[in-house]
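Novice: Got a file for you: final12.csv, CSV, C-alpha atoms and all ligand atoms.
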```csv
chain,number,residue,atom,x,y,z
A,1,MET,CA,-0.7,11.3,-8.6
A,2,PRO,CA,-1.7,8.1,-6.8
A,3,LEU,CA,-0.4,4.8,-8.2
A,4,TYR,CA,-2.7,1.7,-8.2
A,5,LEU,CA,-1.9,-1.9,-8.8
A,6,VAL,CA,-4.6,-3.7,-10.9
A,7,THR,CA,-4.2,-7.4,-10.9
A,8,GLY,CA,-5.9,-9.0,-14.0
A,9,GLY,CA,-5.6,-5.6,-15.7
A,10,CYS,CA,-5.3,-7.2,-19.1
A,11,GLY,CA,-8.6,-9.0,-18.7
A,12,PHE,CA,-12.1,-7.8,-19.5
A,13,ILE,CA,-13.0,-5.9,-16.2
A,14,GLY,CA,-9.5,-5.0,-15.2
A,15,SER,CA,-8.9,-3.3,-18.6
A,16,HIS,CA,-11.9,-1.1,-18.1
A,17,LEU,CA,-10.9,-0.2,-14.6
A,18,SER,CA,-7.3,0.6,-15.7
A,19,ALA,CA,-8.6,2.9,-18.4
A,20,ALA,CA,-10.9,4.7,-16.0
A,21,LEU,CA,-8.0,5.2,-13.5
A,22,ARG,CA,-5.7,6.5,-16.3
A,23,ALA,CA,-8.5,8.8,-17.5
A,24,ARG,CA,-8.7,10.6,-14.2
A,25,GLY,CA,-4.9,10.9,-14.1
A,26,ASP,CA,-3.9,8.1,-11.8
A,27,GLY,CA,-0.9,5.9,-12.3
A,28,VAL,CA,-1.6,2.2,-13.1
A,29,ARG,CA,0.6,-0.8,-12.8
A,30,VAL,CA,-0.9,-4.1,-14.0
A,31,LEU,CA,0.1,-7.5,-12.6
A,32,ASP,CA,-1.2,-10.2,-15.1
A,33,ASP,CA,0.1,-13.5,-16.3
A,34,LEU,CA,-1.8,-13.1,-19.6
A,35,SER,CA,-3.4,-16.5,-19.2
A,36,THR,CA,-6.8,-15.3,-20.4
A,37,GLY,CA,-6.0,-11.6,-20.7
A,38,SER,CA,-4.5,-9.9,-23.7
A,39,LEU,CA,-1.8,-7.3,-24.3
A,40,ALA,CA,-4.3,-5.5,-26.5
A,41,ASN,CA,-6.3,-4.7,-23.4
A,42,LEU,CA,-3.5,-2.9,-21.6
A,43,ALA,CA,-4.6,0.7,-20.9
A,44,PRO,CA,-2.7,3.6,-22.5
A,45,GLY,CA,0.1,4.7,-20.2
A,46,ALA,CA,-0.2,1.6,-17.9
A,47,GLU,CA,2.8,-0.4,-16.9
A,48,LEU,CA,2.6,-4.2,-17.2
A,49,VAL,CA,4.4,-6.6,-14.8
A,50,ARG,CA,3.9,-10.0,-16.3
A,51,GLY,CA,3.6,-12.5,-13.4
A,52,ASP,CA,1.4,-14.7,-11.2
A,53,VAL,CA,-0.5,-13.4,-8.3
A,54,ALA,CA,0.3,-16.6,-6.3
A,55,ASP,CA,4.0,-15.9,-6.7
A,56,HIS,CA,5.1,-13.9,-3.6
A,57,ALA,CA,8.2,-12.5,-5.2
A,58,ALA,CA,6.3,-11.2,-8.3
A,59,VAL,CA,3.7,-9.7,-6.0
A,60,ARG,CA,6.3,-8.0,-3.8
A,61,ASP,CA,7.9,-6.5,-6.9
A,62,ALA,CA,4.5,-5.4,-8.2
A,63,ILE,CA,3.3,-3.5,-5.1
A,64,ALA,CA,6.5,-1.3,-4.7
A,65,GLY,CA,5.3,2.3,-4.4
A,66,VAL,CA,1.6,1.7,-4.9
A,67,ASP,CA,-1.1,3.4,-2.9
A,68,GLY,CA,-3.8,0.7,-3.2
A,69,ILE,CA,-4.6,-2.6,-4.8
A,70,PHE,CA,-7.5,-3.6,-7.1
A,71,HIS,CA,-7.4,-7.4,-7.1
A,72,LEU,CA,-9.3,-8.8,-10.1
A,73,ALA,CA,-6.9,-11.6,-11.4
A,74,ALA,CA,-8.6,-15.0,-11.2
A,75,ILE,CA,-9.4,-18.0,-13.3
A,76,ALA,CA,-12.9,-16.7,-13.8
A,77,SER,CA,-14.5,-19.9,-14.8
A,78,VAL,CA,-16.7,-22.5,-13.0
A,79,GLU,CA,-15.8,-25.1,-15.7
A,80,ARG,CA,-12.0,-24.7,-15.2
A,81,GLY,CA,-12.6,-25.3,-11.4
A,82,VAL,CA,-14.1,-28.7,-12.3
A,83,GLN,CA,-11.3,-29.6,-14.7
A,84,ASP,CA,-8.4,-28.3,-12.6
A,85,TRP,CA,-9.5,-27.9,-8.9
A,86,PRO,CA,-6.1,-27.4,-7.3
A,87,GLY,CA,-4.8,-25.1,-10.2
A,88,THR,CA,-7.8,-22.8,-10.0
A,89,HIS,CA,-7.6,-22.8,-6.2
A,90,ARG,CA,-4.0,-21.6,-6.4
A,91,ALA,CA,-4.9,-18.7,-8.7
A,92,ASN,CA,-8.2,-17.8,-7.0
A,93,LEU,CA,-7.6,-18.2,-3.3
A,94,SER,CA,-3.8,-18.6,-2.7
A,95,GLY,CA,-3.3,-15.7,-5.1
A,96,THR,CA,-5.7,-13.5,-3.1
A,97,ILE,CA,-3.9,-14.5,0.2
A,98,ALA,CA,-0.6,-13.6,-1.4
A,99,MET,CA,-2.0,-10.2,-2.4
A,100,LEU,CA,-3.4,-9.6,1.1
A,101,ASP,CA,-0.1,-10.6,2.7
A,102,ALA,CA,1.6,-8.0,0.5
A,103,ALA,CA,-1.0,-5.4,1.4
A,104,ARG,CA,-0.6,-5.9,5.1
A,105,LEU,CA,3.0,-4.6,5.3
A,106,ARG,CA,1.7,-1.0,4.5
A,107,LYS,CA,-2.0,-1.6,5.3
A,108,LEU,CA,-2.8,-0.8,1.7
A,109,PRO,CA,-6.5,-0.5,0.8
A,110,PHE,CA,-7.6,-3.7,-0.9
A,111,VAL,CA,-10.5,-3.8,-3.3
A,112,TYR,CA,-11.3,-7.2,-4.8
A,113,ALA,CA,-13.6,-9.2,-7.0
A,114,SER,CA,-15.8,-11.8,-5.4
A,115,SER,CA,-18.8,-13.3,-7.3
A,116,ALA,CA,-22.5,-14.1,-7.1
A,117,ALA,CA,-21.3,-17.7,-7.3
A,118,VAL,CA,-20.9,-17.5,-3.4
A,119,TYR,CA,-24.7,-17.7,-3.2
A,120,GLY,CA,-25.3,-20.8,-5.2
A,121,ASP,CA,-29.0,-21.5,-5.9
A,122,GLN,CA,-31.2,-19.3,-3.7
A,123,ALA,CA,-35.0,-19.8,-3.1
A,124,VAL,CA,-35.5,-16.2,-2.0
A,125,LEU,CA,-35.0,-13.5,-4.7
A,126,PRO,CA,-33.7,-10.9,-5.1
A,127,ILE,CA,-30.6,-12.1,-3.2
A,128,THR,CA,-29.4,-9.7,-0.5
A,129,GLU,CA,-25.8,-9.6,0.8
A,130,ASP,CA,-27.1,-11.4,4.0
A,131,ALA,CA,-28.4,-14.4,2.2
A,132,PRO,CA,-26.9,-17.7,3.2
A,133,LYS,CA,-23.7,-18.6,1.2
A,134,ARG,CA,-24.0,-22.0,-0.5
A,135,PRO,CA,-21.4,-22.1,-3.3
A,136,LEU,CA,-22.0,-25.0,-5.8
A,137,SER,CA,-18.6,-24.9,-7.4
A,138,ALA,CA,-14.9,-24.7,-6.4
A,139,TYR,CA,-14.9,-21.3,-8.1
A,140,GLY,CA,-17.7,-20.0,-5.7
A,141,ALA,CA,-16.0,-21.7,-2.7
A,142,ASP,CA,-12.7,-20.0,-3.4
A,143,LYS,CA,-14.4,-16.6,-3.9
A,144,LEU,CA,-16.1,-17.1,-0.5
A,145,GLY,CA,-12.7,-17.9,0.9
A,146,CYS,CA,-11.4,-14.6,-0.5
A,147,GLU,CA,-14.1,-12.8,1.5
A,148,GLN,CA,-13.2,-14.7,4.6
A,149,HIS,CA,-9.5,-13.9,4.3
A,150,ALA,CA,-10.2,-10.2,3.6
A,151,LEU,CA,-12.2,-10.2,6.9
A,152,VAL,CA,-9.2,-11.8,8.7
A,153,GLY,CA,-7.0,-9.3,7.0
A,154,GLY,CA,-9.0,-6.5,8.6
A,155,LEU,CA,-9.3,-8.1,12.0
A,156,VAL,CA,-5.8,-9.4,12.4
A,157,HIS,CA,-3.7,-7.2,10.2
A,158,GLY,CA,-5.7,-3.9,9.9
A,159,ILE,CA,-6.0,-4.1,6.1
A,160,PRO,CA,-8.9,-1.9,4.9
A,161,SER,CA,-10.8,-3.7,2.2
A,162,MET,CA,-14.0,-3.9,0.2
A,163,GLY,CA,-15.2,-6.8,-1.9
A,164,PHE,CA,-17.8,-7.0,-4.6
A,165,ARG,CA,-20.0,-9.9,-5.6
A,166,PHE,CA,-20.3,-9.4,-9.4
A,167,PHE,CA,-23.4,-10.9,-11.0
A,168,ASN,CA,-23.3,-11.3,-14.8
A,169,VAL,CA,-21.0,-8.6,-16.1
A,170,PHE,CA,-21.1,-7.5,-19.8
A,171,GLY,CA,-19.5,-4.9,-22.0
A,172,PRO,CA,-16.9,-4.4,-24.7
A,173,ARG,CA,-13.7,-6.4,-24.6
A,174,GLN,CA,-15.4,-9.6,-23.2
A,175,ASP,CA,-13.8,-12.1,-25.5
A,176,PRO,CA,-16.6,-14.0,-27.3
A,177,ARG,CA,-14.2,-16.7,-28.6
A,178,SER,CA,-13.4,-17.8,-25.0
A,179,PRO,CA,-15.3,-20.9,-24.0
A,180,TYR,CA,-15.7,-19.2,-20.6
A,181,SER,CA,-17.2,-16.0,-21.9
A,182,GLY,CA,-20.5,-14.6,-20.9
A,183,VAL,CA,-23.7,-15.3,-22.8
A,184,ILE,CA,-24.0,-11.7,-23.9
A,185,SER,CA,-20.7,-11.5,-25.8
A,186,ILE,CA,-21.4,-14.9,-27.4
A,187,PHE,CA,-24.9,-13.9,-28.5
A,188,CYS,CA,-23.7,-10.4,-29.8
A,189,ASP,CA,-20.9,-12.1,-31.7
A,190,ARG,CA,-23.1,-14.7,-33.4
A,191,PHE,CA,-26.0,-12.4,-34.3
A,192,SER,CA,-23.6,-9.7,-35.6
A,193,ARG,CA,-22.1,-12.3,-37.9
A,194,GLY,CA,-25.6,-13.3,-39.0
A,195,GLU,CA,-25.5,-16.7,-37.2
A,196,GLY,CA,-28.1,-18.2,-34.9
A,197,VAL,CA,-27.6,-19.0,-31.2
A,198,ASP,CA,-28.0,-22.0,-28.9
A,199,ILE,CA,-30.2,-21.9,-25.9
A,200,PHE,CA,-30.0,-24.6,-23.3
A,201,GLY,CA,-33.5,-25.6,-22.0
A,202,ASP,CA,-36.5,-23.4,-22.6
A,203,GLY,CA,-34.7,-20.1,-22.3
A,204,GLY,CA,-36.8,-19.1,-19.3
A,205,GLN,CA,-33.7,-19.1,-17.0
A,206,THR,CA,-33.0,-15.5,-15.8
A,207,ARG,CA,-29.9,-13.6,-15.0
A,208,ASP,CA,-29.0,-10.2,-13.6
A,209,PHE,CA,-26.8,-8.5,-16.3
A,210,VAL,CA,-24.7,-5.6,-15.1
A,211,HIS,CA,-22.7,-3.3,-17.3
A,212,VAL,CA,-19.0,-3.1,-16.8
A,213,SER,CA,-19.1,0.7,-16.3
A,214,ASP,CA,-21.2,0.1,-13.1
A,215,VAL,CA,-18.6,-2.5,-12.0
A,216,VAL,CA,-15.8,0.1,-12.5
A,217,ALA,CA,-17.8,2.8,-10.6
A,218,ALA,CA,-18.3,0.4,-7.7
A,219,LEU,CA,-14.6,-0.6,-7.7
A,220,LEU,CA,-13.5,3.1,-7.6
A,221,ALA,CA,-15.9,3.9,-4.9
A,222,GLY,CA,-14.7,0.9,-3.0
A,223,MET,CA,-11.2,2.2,-3.0
A,224,ALA,CA,-12.3,5.4,-1.2
A,225,GLN,CA,-14.5,3.5,1.3
A,226,ALA,CA,-12.5,0.4,2.1
A,227,SER,CA,-12.5,-0.4,5.8
A,228,VAL,CA,-11.2,-3.0,8.3
A,229,GLU,CA,-14.8,-4.3,8.7
A,230,ALA,CA,-14.2,-5.7,5.2
A,231,PRO,CA,-17.7,-5.0,3.7
A,232,VAL,CA,-18.8,-7.0,0.7
A,233,LEU,CA,-21.5,-5.6,-1.7
A,234,ASN,CA,-23.5,-7.1,-4.6
A,235,VAL,CA,-22.8,-5.6,-8.0
A,236,CYS,CA,-26.0,-6.2,-9.9
A,237,THR,CA,-29.0,-4.3,-11.3
A,238,GLY,CA,-32.0,-5.9,-9.4
A,239,ARG,CA,-33.5,-6.6,-12.9
A,240,ALA,CA,-34.1,-10.1,-14.2
A,241,THR,CA,-33.7,-10.9,-18.0
A,242,SER,CA,-34.5,-14.3,-19.4
A,243,VAL,CA,-32.0,-15.8,-21.8
A,244,ARG,CA,-34.7,-16.0,-24.5
A,245,GLU,CA,-35.6,-12.3,-24.0
A,246,LEU,CA,-31.8,-11.5,-24.1
A,247,ALA,CA,-31.4,-13.3,-27.4
A,248,GLU,CA,-34.4,-11.5,-29.0
A,249,THR,CA,-33.1,-8.1,-27.7
A,250,ILE,CA,-29.6,-8.7,-29.1
A,251,ALA,CA,-30.9,-9.9,-32.5
A,252,ALA,CA,-33.0,-6.7,-32.7
A,253,ALA,CA,-29.9,-4.6,-31.8
A,254,CYS,CA,-28.0,-6.4,-34.6
A,255,GLY,CA,-30.9,-5.9,-37.0
A,256,VAL,CA,-31.3,-9.7,-37.7
A,257,PRO,CA,-34.0,-12.2,-37.1
A,258,ALA,CA,-33.7,-14.0,-33.8
A,259,GLU,CA,-32.6,-17.5,-34.9
A,260,ILE,CA,-32.6,-19.6,-31.8
A,261,ARG,CA,-31.8,-23.3,-31.6
A,262,GLN,CA,-33.1,-25.0,-28.4
A,263,ARG,CA,-30.7,-27.5,-26.9
A,264,PRO,CA,-31.2,-29.9,-23.9
A,265,PRO,CA,-31.0,-28.2,-20.5
A,266,ARG,CA,-27.6,-28.2,-18.9
A,267,ALA,CA,-27.3,-30.3,-15.7
A,268,GLY,CA,-27.0,-28.2,-12.5
A,269,GLU,CA,-27.7,-24.9,-14.1
A,270,ILE,CA,-29.3,-22.3,-11.8
A,271,ARG,CA,-32.8,-21.3,-12.9
A,272,HIS,CA,-32.9,-17.8,-11.6
A,273,SER,CA,-30.2,-15.4,-10.4
A,274,LEU,CA,-31.2,-11.9,-9.3
A,275,GLY,CA,-29.3,-9.6,-7.0
A,276,ASP,CA,-30.6,-6.9,-4.6
A,277,ALA,CA,-28.9,-3.7,-5.7
A,278,THR,CA,-30.0,-1.5,-2.7
A,279,ARG,CA,-26.5,-1.3,-1.1
A,280,LEU,CA,-24.9,-0.7,-4.5
A,281,ARG,CA,-27.3,2.2,-5.2
A,282,ALA,CA,-26.4,3.7,-1.8
A,283,LEU,CA,-22.7,3.5,-2.8
A,284,LEU,CA,-23.0,4.8,-6.3
A,285,GLY,CA,-25.9,7.3,-6.0
A,286,PRO,CA,-28.9,7.9,-8.3
A,287,GLY,CA,-28.7,7.0,-12.0
A,288,ALA,CA,-26.8,3.7,-11.4
A,289,PRO,CA,-26.9,1.0,-12.5
A,290,ARG,CA,-27.2,1.4,-16.2
A,291,GLY,CA,-29.9,-0.4,-18.3
A,292,LEU,CA,-29.3,-3.5,-20.4
A,293,ARG,CA,-30.3,-2.1,-23.8
A,294,ALA,CA,-27.9,0.9,-24.0
A,295,GLY,CA,-25.0,-1.4,-22.9
A,296,LEU,CA,-25.9,-4.0,-25.5
A,297,GLU,CA,-25.7,-1.5,-28.4
A,298,GLU,CA,-22.2,-0.6,-27.2
A,299,VAL,CA,-21.1,-4.2,-27.3
A,300,VAL,CA,-22.5,-4.7,-30.8
A,301,ALA,CA,-20.8,-1.6,-32.0
A,302,TRP,CA,-17.5,-2.8,-30.5
A,303,LEU,CA,-17.7,-6.1,-32.3
A,304,ARG,CA,-18.3,-4.4,-35.6
A,305,VAL,CA,-15.2,-2.3,-35.2
A,306,GLY,CA,-13.0,-5.2,-34.0
A,307,ARG,CA,-10.4,-5.5,-31.3
A,308,PRO,CA,-7.8,-2.7,-31.1
A,309,GLY,CA,-4.0,-3.5,-31.1
A,310,LEU,CA,-1.6,-2.7,-28.3
A,311,VAL,CA,-2.1,0.9,-27.2
A,312,PRO,CA,0.9,3.2,-27.8
A,313,GLY,CA,2.3,4.5,-24.5
A,314,SER,CA,1.9,1.2,-22.6
A,315,THR,CA,5.0,-0.3,-21.1
A,316,ILE,CA,5.8,-3.9,-20.4
A,317,ARG,CA,8.5,-5.4,-18.1
B,1,LIG,N1,-17.1,-11.3,-15.9
B,1,LIG,C1,-18.0,-11.7,-14.9
B,1,LIG,O1,-19.2,-11.7,-15.2
B,1,LIG,C2,-17.6,-11.9,-13.5
B,1,LIG,C3,-18.6,-12.3,-12.6
B,1,LIG,C4,-18.2,-12.5,-11.3
B,1,LIG,C5,-16.9,-12.3,-10.9
B,1,LIG,N2,-16.0,-12.0,-11.8
B,1,LIG,C6,-14.6,-11.8,-11.3
B,1,LIG,O2,-14.1,-10.6,-11.8
B,1,LIG,C7,-12.7,-10.7,-12.0
B,1,LIG,C8,-12.3,-10.3,-13.4
B,1,LIG,O3,-13.0,-11.1,-14.3
B,1,LIG,P1,-13.0,-10.9,-15.9
B,1,LIG,O4,-14.4,-11.3,-16.4
B,1,LIG,O5,-12.4,-9.6,-16.2
B,1,LIG,O6,-12.0,-12.1,-16.3
B,1,LIG,P2,-10.8,-12.2,-17.4
B,1,LIG,O7,-10.5,-13.6,-17.6
B,1,LIG,O8,-11.1,-11.3,-18.6
B,1,LIG,O9,-9.7,-11.4,-16.6
B,1,LIG,C9,-8.9,-12.1,-15.6
B,1,LIG,C10,-7.4,-11.6,-15.8
B,1,LIG,O10,-6.6,-12.2,-14.7
B,1,LIG,C11,-5.5,-12.8,-15.3
B,1,LIG,N3,-5.0,-13.9,-14.5
B,1,LIG,C12,-5.6,-15.1,-14.3
B,1,LIG,N4,-4.9,-15.8,-13.5
B,1,LIG,C13,-3.8,-15.1,-13.1
B,1,LIG,C14,-2.7,-15.3,-12.2
B,1,LIG,N5,-2.6,-16.4,-11.5
B,1,LIG,N6,-1.8,-14.3,-12.0
B,1,LIG,C15,-2.0,-13.1,-12.7
B,1,LIG,N7,-3.0,-12.9,-13.6
B,1,LIG,C16,-3.9,-13.8,-13.7
B,1,LIG,C17,-5.9,-13.2,-16.7
B,1,LIG,O11,-4.8,-13.2,-17.6
B,1,LIG,C18,-6.8,-12.1,-17.1
B,1,LIG,O12,-6.2,-10.9,-17.7
B,1,LIG,C19,-12.3,-12.1,-11.6
B,1,LIG,O13,-11.8,-12.2,-10.3
B,1,LIG,C20,-13.6,-12.9,-11.8
B,1,LIG,O14,-13.6,-14.0,-11.0
B,1,LIG,C21,-16.3,-11.8,-13.1
```
Translate this file's structure into structure tokens.
Specialist:
Amino acid sequence: MPLYLVTGGCGFIGSHLSAALRARGDGVRVLDDLSTGSLANLAPGAELVRGDVADHAAVRDAIAGVDGIFHLAAIASVERGVQDWPGTHRANLSGTIAMLDAARLRKLPFVYASSAAVYGDQAVLPITEDAPKRPLSAYGADKLGCEQHALVGGLVHGIPSMGFRFFNVFGPRQDPRSPYSGVISIFCDRFSRGEGVDIFGDGGQTRDFVHVSDVVAALLAGMAQASVEAPVLNVCTGRATSVRELAETIAAACGVPAEIRQRPPRAGEIRHSLGDATRLRALLGPGAPRGLRAGLEEVVAWLRVGRPGLVPGSTIR
């Protein structure tokens, strides 16, 4: 059976990917420093190497015997990039270069997480992959750097890769207590506990919310189609949802009245973010991506059951 390295496999998206790989019978090794991830997220039967993706020795150890790399580890927060610019750069871009450097020795296929943050604020919607890249944050700039280095990895070192610009990903295991968590997990958590939510501004700002199962499907397809041309695709739905509409939908899913407190708008917040999913649809085929409502009910159900403990059969070293 093939063995894959999943960096950030104890995080939200990495844990879903690891579980999907294990479910189809593949071996999974996770490289994670547990800075924002949790041992409880380690997939059954996966092996954990606790370490830093920017530490070349840890990376060399982690890639021994693997057939491909899914690189998802990052400090996934715009705010953290403001507070600790060099620290987030080390994890987000130096870490990616360390992973690519390890991949080049055996030309291992390299599938990695970029972000819609590379686009910044775009006037033309939906945003296609060819739109100009104007990151407005250190986080977005580093993600764009990851794409550029993957391209160099293909050109100079023959590393096959595929990158994915995730829009707003949601699903179970997104930690609502994290200050960096997505709006969906926070709203689901508050409404399921019978509390109201805060909306910044008029709530008319829109986002493109994509379910984690579509993200996983894209990552798996990317491993099969990675190439030295280093393609990069949007992972989005092409459907816009306003934050107010989102709050009302989640309140309805939780069976509570939509208690919304309006707060002053946040400086610098992008008004509209909407991706073009044409290339993603071509990659995944008909049926994808999944709708918002079905995914929301799953998150609410997960919050009601609570977070599971460490899964038996997982190993740590
Ligand atoms: N969640 C989203 O909506 C979203 C949107 C765009 C891009 N992304 C990208 O997707 C990837 C996964 O995001 P997520 O939402 O699952 O975040 P997450 O914080 O849940 O997972 C990130 C994981 O990486 C680990 N990690 C962080 N720094 C590390 C380091 N230096 N060495 C080893 N491990 C480290 C963390 O412990 C965590 O387990 C990230 O690259 C993120 O930038 C996420």
Novice: In file coordinates, which residues lie within 10 Å of (-10.3, -7.2, 6.6) using all atoms listed in the file, given as an mmCIF file with C-alpha atoms, keeping the file's coordinate frame?
Specialist:
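So the final result, stored in point-v3.cif, reads:
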```cif
data_model
loop_
_atom_site.group_PDB
_atom_site.id
_atom_site.type_symbol
_atom_site.label_atom_id
_atom_site.label_comp_id
_atom_site.auth_asym_id
_atom_site.auth_seq_id
_atom_site.Cartn_x
_atom_site.Cartn_y
_atom_site.Cartn_z
ATOM 1 C CA LEU A 100 -3.400 -9.600 1.100
ATOM 2 C CA ARG A 104 -0.600 -5.900 5.100
ATOM 3 C CA PRO A 109 -6.500 -0.500 0.800
ATOM 4 C CA PHE A 110 -7.600 -3.700 -0.900
ATOM 5 C CA GLU A 147 -14.100 -12.800 1.500
ATOM 6 C CA GLN A 148 -13.200 -14.700 4.600
ATOM 7 C CA HIS A 149 -9.500 -13.900 4.300
ATOM 8 C CA ALA A 150 -10.200 -10.200 3.600
ATOM 9 C CA LEU A 151 -12.200 -10.200 6.900
ATOM 10 C CA VAL A 152 -9.200 -11.800 8.700
ATOM 11 C CA GLY A 153 -7.000 -9.300 7.000
ATOM 12 C CA GLY A 154 -9.000 -6.500 8.600
ATOM 13 C CA LEU A 155 -9.300 -8.100 12.000
ATOM 14 C CA VAL A 156 -5.800 -9.400 12.400
ATOM 15 C CA HIS A 157 -3.700 -7.200 10.200
ATOM 16 C CA GLY A 158 -5.700 -3.900 9.900
ATOM 17 C CA ILE A 159 -6.000 -4.100 6.100
ATOM 18 C CA PRO A 160 -8.900 -1.900 4.900
ATOM 19 C CA SER A 161 -10.800 -3.700 2.200
ATOM 20 C CA MET A 162 -14.000 -3.900 0.200
ATOM 21 C CA GLY A 163 -15.200 -6.800 -1.900
ATOM 22 C CA ALA A 226 -12.500 0.400 2.100
ATOM 23 C CA SER A 227 -12.500 -0.400 5.800
ATOM 24 C CA VAL A 228 -11.200 -3.000 8.300
ATOM 25 C CA GLU A 229 -14.800 -4.300 8.700
ATOM 26 C CA ALA A 230 -14.200 -5.700 5.200
ATOM 27 C CA PRO A 231 -17.700 -5.000 3.700
#
```
Novice: Using only C-alpha atoms and all ligand atoms, find each residue with an atom at most 7 Å away from ligand LIG 1 (chain B) and format the answer as a VMD selection string.
Specialist: chain A and resid 7 to 14 31 to 38 51 to 54 72 to 76 91 95 113 to 116 165 to 170 174 182
Novice: What is the distance, in Å and to one decimal place, between atom CA of A:Ser137 and atom CA of A:Arg266?
Specialist: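 These atoms are spaced 15.0 Å apart.
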Novice: May I ask which of the residues A:Val183, A:Ala58, A:Val124, A:Leu42 is the closest one to A:Ala247, counting all atoms listed in the file?
Specialist: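 For A:Ala247, the nearest of the candidates is A:Val183.
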Novice: So which one's closest to A:Ala253, A:Leu125, A:Val111, A:Leu280, A:Leu292? Using only C-alpha atoms, please.
Specialist: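 That would be A:Leu292, the residue with the smallest distance to A:Ala253.
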Novice: In Å, with one decimal, what is the gap from atom CA of A:Thr128 to atom CA of A:Cys236?
Specialist: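 One can read the atom CA of A:Thr128 to atom CA of A:Cys236 distance as 10.6 Å.
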Novice: Counting only C-alpha atoms, note down every residue that has an atom within 12 Å of the point (2.9, -0.9, -4.0) (file coordinates), as number ranges by chain.
Specialist: A: 2-7, 27-31, 58-70, 99-100, 102-110
Novice: Could you save those same residues with C-alpha atoms as a compact mmCIF listing (two decimals), keeping the file's coordinate frame?
Specialist:
```txt
# COMPACT_ATOMS: atom_id res chain seq x y z
CA PRO A 2 -1.70 8.10 -6.80
CA LEU A 3 -0.40 4.80 -8.20
CA TYR A 4 -2.70 1.70 -8.20
CA LEU A 5 -1.90 -1.90 -8.80
CA VAL A 6 -4.60 -3.70 -10.90
CA THR A 7 -4.20 -7.40 -10.90
CA GLY A 27 -0.90 5.90 -12.30
CA VAL A 28 -1.60 2.20 -13.10
CA ARG A 29 0.60 -0.80 -12.80
CA VAL A 30 -0.90 -4.10 -14.00
CA LEU A 31 0.10 -7.50 -12.60
CA ALA A 58 6.30 -11.20 -8.30
CA VAL A 59 3.70 -9.70 -6.00
CA ARG A 60 6.30 -8.00 -3.80
CA ASP A 61 7.90 -6.50 -6.90
CA ALA A 62 4.50 -5.40 -8.20
CA ILE A 63 3.30 -3.50 -5.10
CA ALA A 64 6.50 -1.30 -4.70
CA GLY A 65 5.30 2.30 -4.40
CA VAL A 66 1.60 1.70 -4.90
CA ASP A 67 -1.10 3.40 -2.90
CA GLY A 68 -3.80 0.70 -3.20
CA ILE A 69 -4.60 -2.60 -4.80
CA PHE A 70 -7.50 -3.60 -7.10
CA MET A 99 -2.00 -10.20 -2.40
CA LEU A 100 -3.40 -9.60 1.10
CA ALA A 102 1.60 -8.00 0.50
CA ALA A 103 -1.00 -5.40 1.40
CA ARG A 104 -0.60 -5.90 5.10
CA LEU A 105 3.00 -4.60 5.30
CA ARG A 106 1.70 -1.00 4.50
CA LYS A 107 -2.00 -1.60 5.30
CA LEU A 108 -2.80 -0.80 1.70
CA PRO A 109 -6.50 -0.50 0.80
CA PHE A 110 -7.60 -3.70 -0.90
```
Novice: Can you work out the spacing between atom CA of A:Leu136 and atom CA of A:Glu79 in Å, to one decimal?
Specialist: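 Result for atom CA of A:Leu136 versus atom CA of A:Glu79: 11.7 Å, one decimal.
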Novice: Counting only C-alpha atoms, figure out which residue out of A:Ala138, A:Leu274, A:Ile186, A:Met1 gets nearest to A:Thr241.
Specialist: A:Leu274
Novice: Of the candidates A:Arg244, A:Arg134, A:Arg271, A:Arg80, which one gets nearest to A:Ile184 if we count only C-alpha atoms?
Specialist: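 Among the listed residues, A:Arg244 lies closest to A:Ile184.
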